[in-house]
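Have a look at work.cif below; it lists mmCIF, C-alpha atoms and all ligand atoms.
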data_run
#
loop_
_atom_site.group_PDB
_atom_site.id
_atom_site.type_symbol
_atom_site.label_atom_id
_atom_site.label_comp_id
_atom_site.auth_asym_id
_atom_site.auth_seq_id
_atom_site.Cartn_x
_atom_site.Cartn_y
_atom_site.Cartn_z
ATOM 1 C CA MET Q 1 68.829 -99.699 -63.877
ATOM 2 C CA ALA Q 2 65.161 -100.288 -62.981
ATOM 3 C CA LYS Q 3 64.248 -103.804 -64.130
ATOM 4 C CA ASN Q 4 60.856 -102.808 -65.577
ATOM 5 C CA GLY Q 5 61.783 -99.245 -66.440
ATOM 6 C CA LYS Q 6 61.269 -95.907 -64.744
ATOM 7 C CA VAL Q 7 58.520 -93.402 -65.472
ATOM 8 C CA LEU Q 8 58.399 -89.720 -64.583
ATOM 9 C CA ILE Q 9 54.896 -88.462 -63.772
ATOM 10 C CA LEU Q 10 54.636 -84.683 -63.592
ATOM 11 C CA ILE Q 11 51.523 -82.856 -62.441
ATOM 12 C CA GLY Q 12 50.909 -79.137 -62.726
ATOM 13 C CA SER Q 13 49.540 -78.695 -59.215
ATOM 14 C CA LYS Q 14 48.926 -80.528 -55.961
ATOM 15 C CA SER Q 15 45.220 -80.341 -56.914
ATOM 16 C CA ASP Q 16 45.969 -82.794 -59.781
ATOM 17 C CA TRP Q 17 47.329 -85.488 -57.475
ATOM 18 C CA GLU Q 18 44.055 -87.222 -56.546
ATOM 19 C CA VAL Q 19 43.420 -88.225 -60.181
ATOM 20 C CA MET Q 20 47.021 -88.754 -61.252
ATOM 21 C CA LYS Q 21 48.019 -91.018 -58.357
ATOM 22 C CA GLU Q 22 45.967 -93.742 -60.127
ATOM 23 C CA ALA Q 23 48.623 -93.880 -62.853
ATOM 24 C CA LYS Q 24 51.363 -94.324 -60.278
ATOM 25 C CA THR Q 25 49.451 -97.133 -58.559
ATOM 26 C CA ILE Q 26 49.034 -99.138 -61.778
ATOM 27 C CA LEU Q 27 52.632 -98.664 -62.890
ATOM 28 C CA GLU Q 28 53.938 -99.744 -59.489
ATOM 29 C CA GLU Q 29 51.641 -102.790 -59.494
ATOM 30 C CA ALA Q 30 53.371 -103.751 -62.746
ATOM 31 C CA GLY Q 31 56.775 -103.323 -61.102
ATOM 32 C CA VAL Q 32 57.701 -100.082 -62.847
ATOM 33 C CA GLU Q 33 59.638 -97.507 -60.853
ATOM 34 C CA VAL Q 34 57.853 -94.141 -60.677
ATOM 35 C CA LEU Q 35 58.803 -90.631 -59.656
ATOM 36 C CA LEU Q 36 55.678 -88.489 -59.297
ATOM 37 C CA SER Q 37 56.339 -84.801 -58.716
ATOM 38 C CA ILE Q 38 54.870 -81.351 -59.243
ATOM 39 C CA ALA Q 39 56.209 -78.909 -61.822
ATOM 40 C CA SER Q 40 54.099 -76.213 -63.441
ATOM 41 C CA ALA Q 41 54.750 -75.052 -67.002
ATOM 42 C CA HIS Q 42 53.506 -71.611 -66.013
ATOM 43 C CA ARG Q 43 54.477 -71.188 -62.363
ATOM 44 C CA THR Q 44 57.809 -73.084 -62.284
ATOM 45 C CA PRO Q 45 59.127 -73.309 -65.869
ATOM 46 C CA LYS Q 46 62.741 -73.753 -64.717
ATOM 47 C CA ARG Q 47 61.711 -76.716 -62.568
ATOM 48 C CA VAL Q 48 60.043 -78.306 -65.615
ATOM 49 C CA GLN Q 49 63.207 -77.758 -67.614
ATOM 50 C CA SER Q 50 65.325 -79.349 -64.931
ATOM 51 C CA PHE Q 51 63.189 -82.520 -64.999
ATOM 52 C CA CYS Q 52 63.510 -82.538 -68.798
ATOM 53 C CA GLU Q 53 67.295 -82.419 -68.455
ATOM 54 C CA ARG Q 54 67.116 -85.519 -66.253
ATOM 55 C CA CYS Q 55 65.033 -87.168 -69.000
ATOM 56 C CA GLU Q 56 67.688 -86.398 -71.579
ATOM 57 C CA GLU Q 57 70.387 -87.744 -69.246
ATOM 58 C CA GLY Q 58 68.650 -91.154 -69.388
ATOM 59 C CA GLU Q 59 67.064 -91.383 -65.928
ATOM 60 C CA PHE Q 60 63.564 -92.192 -67.267
ATOM 61 C CA ASP Q 61 62.031 -94.251 -70.093
ATOM 62 C CA LEU Q 62 58.874 -92.224 -70.564
ATOM 63 C CA VAL Q 63 56.971 -89.229 -69.157
ATOM 64 C CA ILE Q 64 53.311 -88.847 -68.178
ATOM 65 C CA CYS Q 65 52.068 -85.292 -67.614
ATOM 66 C CA GLY Q 66 48.748 -84.372 -66.022
ATOM 67 C CA ALA Q 67 47.504 -80.781 -66.039
ATOM 68 C CA GLY Q 68 44.258 -78.882 -66.205
ATOM 69 C CA MET Q 69 42.907 -75.641 -67.702
ATOM 70 C CA ALA Q 70 45.441 -74.061 -70.162
ATOM 71 C CA ALA Q 71 47.426 -77.277 -69.928
ATOM 72 C CA HIS Q 72 50.854 -76.722 -71.459
ATOM 73 C CA LEU Q 73 52.881 -79.060 -69.270
ATOM 74 C CA ALA Q 74 52.902 -82.109 -71.569
ATOM 75 C CA GLY Q 75 53.639 -79.978 -74.631
ATOM 76 C CA VAL Q 76 56.498 -78.140 -72.992
ATOM 77 C CA VAL Q 77 58.012 -81.403 -71.768
ATOM 78 C CA ALA Q 78 57.693 -82.876 -75.283
ATOM 79 C CA SER Q 79 59.563 -79.850 -76.627
ATOM 80 C CA HIS Q 80 62.519 -80.497 -74.296
ATOM 81 C CA THR Q 81 62.857 -84.290 -74.413
ATOM 82 C CA LEU Q 82 62.740 -86.957 -77.108
ATOM 83 C CA LEU Q 83 61.173 -89.492 -74.718
ATOM 84 C CA PRO Q 84 57.560 -90.435 -75.433
ATOM 85 C CA VAL Q 85 55.233 -88.068 -73.556
ATOM 86 C CA ILE Q 86 51.708 -89.066 -72.572
ATOM 87 C CA GLY Q 87 49.367 -86.211 -71.663
ATOM 88 C CA VAL Q 88 46.393 -86.470 -69.317
ATOM 89 C CA PRO Q 89 44.027 -83.507 -69.610
ATOM 90 C CA LEU Q 90 42.446 -82.912 -66.208
ATOM 91 C CA GLY Q 91 38.885 -81.840 -65.570
ATOM 92 C CA THR Q 92 39.695 -78.915 -63.299
ATOM 93 C CA GLY Q 93 38.343 -75.420 -63.943
ATOM 94 C CA GLY Q 94 35.149 -74.018 -65.451
ATOM 95 C CA LEU Q 95 35.338 -75.925 -68.751
ATOM 96 C CA LEU Q 96 35.601 -79.327 -67.028
ATOM 97 C CA GLY Q 97 38.674 -80.432 -68.976
ATOM 98 C CA LEU Q 98 37.695 -79.552 -72.536
ATOM 99 C CA ASP Q 99 40.198 -76.695 -72.343
ATOM 100 C CA ALA Q 100 42.953 -79.017 -71.120
ATOM 101 C CA LEU Q 101 42.055 -81.676 -73.716
ATOM 102 C CA LEU Q 102 42.475 -79.263 -76.610
ATOM 103 C CA SER Q 103 45.606 -77.655 -75.124
ATOM 104 C CA THR Q 104 47.214 -81.066 -74.691
ATOM 105 C CA VAL Q 105 46.210 -82.799 -77.914
ATOM 106 C CA GLN Q 106 46.682 -80.043 -80.506
ATOM 107 C CA MET Q 107 50.459 -80.166 -80.774
ATOM 108 C CA PRO Q 108 52.402 -78.989 -83.841
ATOM 109 C CA PRO Q 109 53.893 -81.602 -86.204
ATOM 110 C CA GLY Q 110 57.107 -83.105 -84.866
ATOM 111 C CA VAL Q 111 56.297 -82.520 -81.185
ATOM 112 C CA PRO Q 112 53.735 -85.218 -80.361
ATOM 113 C CA VAL Q 113 51.921 -85.723 -77.088
ATOM 114 C CA ALA Q 114 50.002 -89.024 -76.874
ATOM 115 C CA THR Q 115 46.849 -87.637 -75.321
ATOM 116 C CA VAL Q 116 44.407 -89.829 -73.394
ATOM 117 C CA GLY Q 117 40.884 -88.893 -72.319
ATOM 118 C CA ILE Q 118 39.973 -86.308 -69.684
ATOM 119 C CA ASN Q 119 41.041 -87.582 -66.247
ATOM 120 C CA SER Q 120 42.180 -90.871 -67.853
ATOM 121 C CA ALA Q 121 45.211 -91.401 -65.652
ATOM 122 C CA LYS Q 122 44.607 -95.155 -65.720
ATOM 123 C CA ASN Q 123 44.771 -95.276 -69.512
ATOM 124 C CA ALA Q 124 47.947 -93.195 -69.412
ATOM 125 C CA ALA Q 125 49.467 -95.927 -67.253
ATOM 126 C CA PHE Q 126 48.266 -98.741 -69.532
ATOM 127 C CA LEU Q 127 49.555 -96.943 -72.636
ATOM 128 C CA ALA Q 128 52.871 -96.399 -70.840
ATOM 129 C CA LEU Q 129 53.042 -100.130 -70.053
ATOM 130 C CA ARG Q 130 52.404 -101.055 -73.699
ATOM 131 C CA ILE Q 131 55.224 -98.751 -74.807
ATOM 132 C CA LEU Q 132 57.554 -99.965 -72.049
ATOM 133 C CA SER Q 133 56.796 -103.601 -72.915
ATOM 134 C CA LEU Q 134 58.693 -103.139 -76.198
ATOM 135 C CA LYS Q 135 61.867 -102.686 -74.114
ATOM 136 C CA TYR Q 136 60.821 -104.744 -71.057
ATOM 137 C CA PRO Q 137 58.854 -107.673 -72.584
ATOM 138 C CA GLN Q 138 58.091 -109.203 -69.158
ATOM 139 C CA LEU Q 139 55.528 -106.390 -68.742
ATOM 140 C CA ARG Q 140 53.357 -108.203 -71.288
ATOM 141 C CA ASP Q 141 52.481 -110.741 -68.563
ATOM 142 C CA PHE Q 142 50.915 -107.965 -66.465
ATOM 143 C CA LEU Q 143 48.968 -106.621 -69.461
ATOM 144 C CA ILE Q 144 47.727 -110.076 -70.451
ATOM 145 C CA ALA Q 145 46.640 -110.846 -66.866
ATOM 146 C CA HIS Q 146 44.795 -107.514 -66.688
ATOM 147 C CA ARG Q 147 43.047 -108.140 -70.003
ATOM 148 C CA GLU Q 148 41.929 -111.586 -68.838
ATOM 149 C CA LYS Q 149 40.698 -110.174 -65.497
ATOM 150 C CA THR Q 150 38.562 -107.481 -67.158
ATOM 151 C CA ALA Q 151 37.135 -110.061 -69.598
ATOM 152 C CA ARG Q 152 36.144 -112.299 -66.669
ATOM 153 C CA GLU Q 153 34.478 -109.312 -64.969
ATOM 154 C CA VAL Q 154 32.373 -108.610 -68.066
ATOM 155 C CA GLU Q 155 31.319 -112.262 -68.269
ATOM 156 C CA THR Q 156 30.381 -112.328 -64.579
ATOM 157 C CA SER Q 157 28.351 -109.113 -64.983
ATOM 158 C CA ALA Q 158 26.627 -110.551 -68.056
ATOM 159 C CA GLU Q 159 25.627 -113.705 -66.161
ATOM 160 C CA GLU Q 160 24.257 -111.581 -63.305
ATOM 161 C CA ILE Q 161 22.194 -109.397 -65.642
ATOM 162 C CA GLU Q 162 20.949 -112.332 -67.710
ATOM 163 C CA GLY Q 163 19.779 -114.032 -64.489
ATOM 164 C CA LYS Q 164 17.600 -111.074 -63.410
HETATM 165 C C1 LIG Y 201 46.868 -76.216 -63.880
HETATM 166 O O1 LIG Y 201 45.896 -75.419 -63.300
HETATM 167 C C2 LIG Y 201 47.055 -77.367 -62.928
HETATM 168 O O2 LIG Y 201 47.488 -78.493 -63.643
HETATM 169 C C3 LIG Y 201 45.701 -77.560 -62.307
HETATM 170 O O3 LIG Y 201 44.974 -78.589 -62.979
HETATM 171 C C4 LIG Y 201 45.021 -76.222 -62.542
HETATM 172 C C5 LIG Y 201 44.662 -75.507 -61.262
HETATM 173 O O4 LIG Y 201 45.803 -75.423 -60.440
HETATM 174 P P1 LIG Y 201 45.684 -74.893 -58.933
HETATM 175 O O5 LIG Y 201 45.162 -73.497 -58.986
HETATM 176 O O6 LIG Y 201 44.721 -75.850 -58.221
HETATM 177 O O7 LIG Y 201 47.070 -74.974 -58.369
HETATM 178 O O8 LIG Y 201 48.073 -75.538 -64.054
#

With the file now loaded, output its structure as structure tokens.
Amino acid sequence: MAKNGKVLILIGSKSDWEVMKEAKTILEEAGVEVLLSIASAHRTPKRVQSFCERCEEGEFDLVICGAGMAAHLAGVVASHTLLPVIGVPLGTGGLLGLDALLSTVQMPPGVPVATVGINSAKNAAFLALRILSLKYPQLRDFLIAHREKTAREVETSAEEIEGK
């Protein structure tokens, strides 16, 4: 078993990879095992289902889905597995992600998708880490260190601006 858990990241298309690889990077920095793959709710529904079966067999702790336009990937995955599903609406297409945001967030009662902001792959990773830290408490050290680092960055920026 992966010592800090294992996350499945699914993206709807290769064109989603540039944004979504940021989630993989953060999770791996925290020592979480990640499988990032492509499966489209519309173009390869059986492939999506097969990943969901692996979720139900216990291979993963949590799923992150990134998709754009009429983004149904996260919702479909949430309908097939009881694992927590985090959805990242992607800013592809003519509506710049507003379409994907609404498609991802407006799920029916009982089938939740924890939706982060448009293109917010990083926040998907940090939310995943917070959830995983309930089962793998050592992940709290990574989150605390990150929080302290960002606080220091704000203070350094403030000193720079105040000195101008
Ligand atoms: C969605 O359609 C994908 O998630 C992607 O964001 C968008 C466009 O896909 P491609 O035409 O680039 O494959 O299903």

Kindly provide, as a compact mmCIF listing (two decimals) with C-alpha atoms, keeping the file's coordinate frame, all nucleotide and amino acid residues lying within 9 Å of ligand LIG 201 (chain Y), counting all atoms listed in the file.
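File part.txt, as written:
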# COMPACT_ATOMS: atom_id res chain seq x y z
CA ILE Q 11 51.52 -82.86 -62.44
CA GLY Q 12 50.91 -79.14 -62.73
CA SER Q 13 49.54 -78.69 -59.22
CA LYS Q 14 48.93 -80.53 -55.96
CA SER Q 15 45.22 -80.34 -56.91
CA ASP Q 16 45.97 -82.79 -59.78
CA ALA Q 39 56.21 -78.91 -61.82
CA SER Q 40 54.10 -76.21 -63.44
CA ALA Q 41 54.75 -75.05 -67.00
CA HIS Q 42 53.51 -71.61 -66.01
CA ARG Q 43 54.48 -71.19 -62.36
CA GLY Q 66 48.75 -84.37 -66.02
CA ALA Q 67 47.50 -80.78 -66.04
CA GLY Q 68 44.26 -78.88 -66.20
CA MET Q 69 42.91 -75.64 -67.70
CA ALA Q 70 45.44 -74.06 -70.16
CA ALA Q 71 47.43 -77.28 -69.93
CA HIS Q 72 50.85 -76.72 -71.46
CA LEU Q 73 52.88 -79.06 -69.27
CA PRO Q 89 44.03 -83.51 -69.61
CA LEU Q 90 42.45 -82.91 -66.21
CA GLY Q 91 38.88 -81.84 -65.57
CA THR Q 92 39.70 -78.92 -63.30
CA GLY Q 93 38.34 -75.42 -63.94
CA GLY Q 97 38.67 -80.43 -68.98
CA ALA Q 100 42.95 -79.02 -71.12

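Applied to the file shown here, the PyMOL selection byres (((chain Q and resi 107) around 12) and not hetatm) selects the residues Q:Ala71, Q:His72, Q:Leu73, Q:Ala74, Q:Gly75, Q:Val76, Q:Val77, Q:Ala78, Q:Ser79, Q:Val85, Q:Gly87, Q:Leu101, Q:Leu102, Q:Ser103, Q:Thr104, Q:Val105, Q:Gln106, Q:Pro108, Q:Pro109, Q:Gly110, Q:Val111, Q:Pro112, Q:Val113, Q:Ala114, Q:Thr115.
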
Shell around Leu27 (chain Q) at 8 Å using all atoms listed in the file, local window under 6 positions removed, as a ChimeraX atom specification: /Q:33-34,125-126,129

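Atom pair CA of Lys135 (chain Q) / CA of Asn123 (chain Q): separated by 19.2 Å.
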
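Each of Q:Leu96, Q:Leu132, Q:Val88, Q:Ile161 was checked against Val19 (chain Q) using only C-alpha atoms; the smallest atom-to-atom distance is that of Q:Val88.
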
Between CA of Arg152 (chain Q) and CA of Thr25 (chain Q), distance in Å (one decimal): 21.7 Å

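Taking CA of Cys55 (chain Q) and CA of Val7 (chain Q) as endpoints, the distance between them is 9.7 Å.
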
Mind telling me what the PyMOL selection byres (((chain Q and resi 8) around 9) and not hetatm) catches here, as a PDB file with C-alpha atoms, in the coordinates of the input?
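Result went into expr_38.pdb, see below:
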ATOM      1  CA  LYS Q   6      61.269 -95.907 -64.744  1.00  0.00           C
ATOM      2  CA  VAL Q   7      58.520 -93.402 -65.472  1.00  0.00           C
ATOM      3  CA  ILE Q   9      54.896 -88.462 -63.772  1.00  0.00           C
ATOM      4  CA  LEU Q  10      54.636 -84.683 -63.592  1.00  0.00           C
ATOM      5  CA  GLU Q  33      59.638 -97.507 -60.853  1.00  0.00           C
ATOM      6  CA  VAL Q  34      57.853 -94.141 -60.677  1.00  0.00           C
ATOM      7  CA  LEU Q  35      58.803 -90.631 -59.656  1.00  0.00           C
ATOM      8  CA  LEU Q  36      55.678 -88.489 -59.297  1.00  0.00           C
ATOM      9  CA  SER Q  37      56.339 -84.801 -58.716  1.00  0.00           C
ATOM     10  CA  PHE Q  51      63.189 -82.520 -64.999  1.00  0.00           C
ATOM     11  CA  CYS Q  55      65.033 -87.168 -69.000  1.00  0.00           C
ATOM     12  CA  GLU Q  59      67.064 -91.383 -65.928  1.00  0.00           C
ATOM     13  CA  PHE Q  60      63.564 -92.192 -67.267  1.00  0.00           C
ATOM     14  CA  ASP Q  61      62.031 -94.251 -70.093  1.00  0.00           C
ATOM     15  CA  LEU Q  62      58.874 -92.224 -70.564  1.00  0.00           C
ATOM     16  CA  VAL Q  63      56.971 -89.229 -69.157  1.00  0.00           C
ATOM     17  CA  ILE Q  64      53.311 -88.847 -68.178  1.00  0.00           C
ATOM     18  CA  CYS Q  65      52.068 -85.292 -67.614  1.00  0.00           C
TER      19      CYS Q  65
END

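Counting all atoms listed in the file and comparing Q:Arg130, Q:Ile144, Q:Glu22, Q:Trp17, the residue that lies closest to Ile38 (chain Q) is Q:Trp17.
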
The centre and edge lengths of an axis-aligned box containing all atoms of region 34-51 of chain Q present in the file, extended by 4 Å on each side, are to be given in Å to one decimal, as lines of an AutoDock Vina configuration file.
center_x = 59.4
center_y = -82.7
center_z = -63.2
size_x = 19.8
size_y = 31.0
size_z = 16.9

Selection: 9 Å around Lys3 (chain Q), only C-alpha atoms, excl. self and same-chain fewer than 5 positions, as number ranges by chain: Q: 31-33, 136
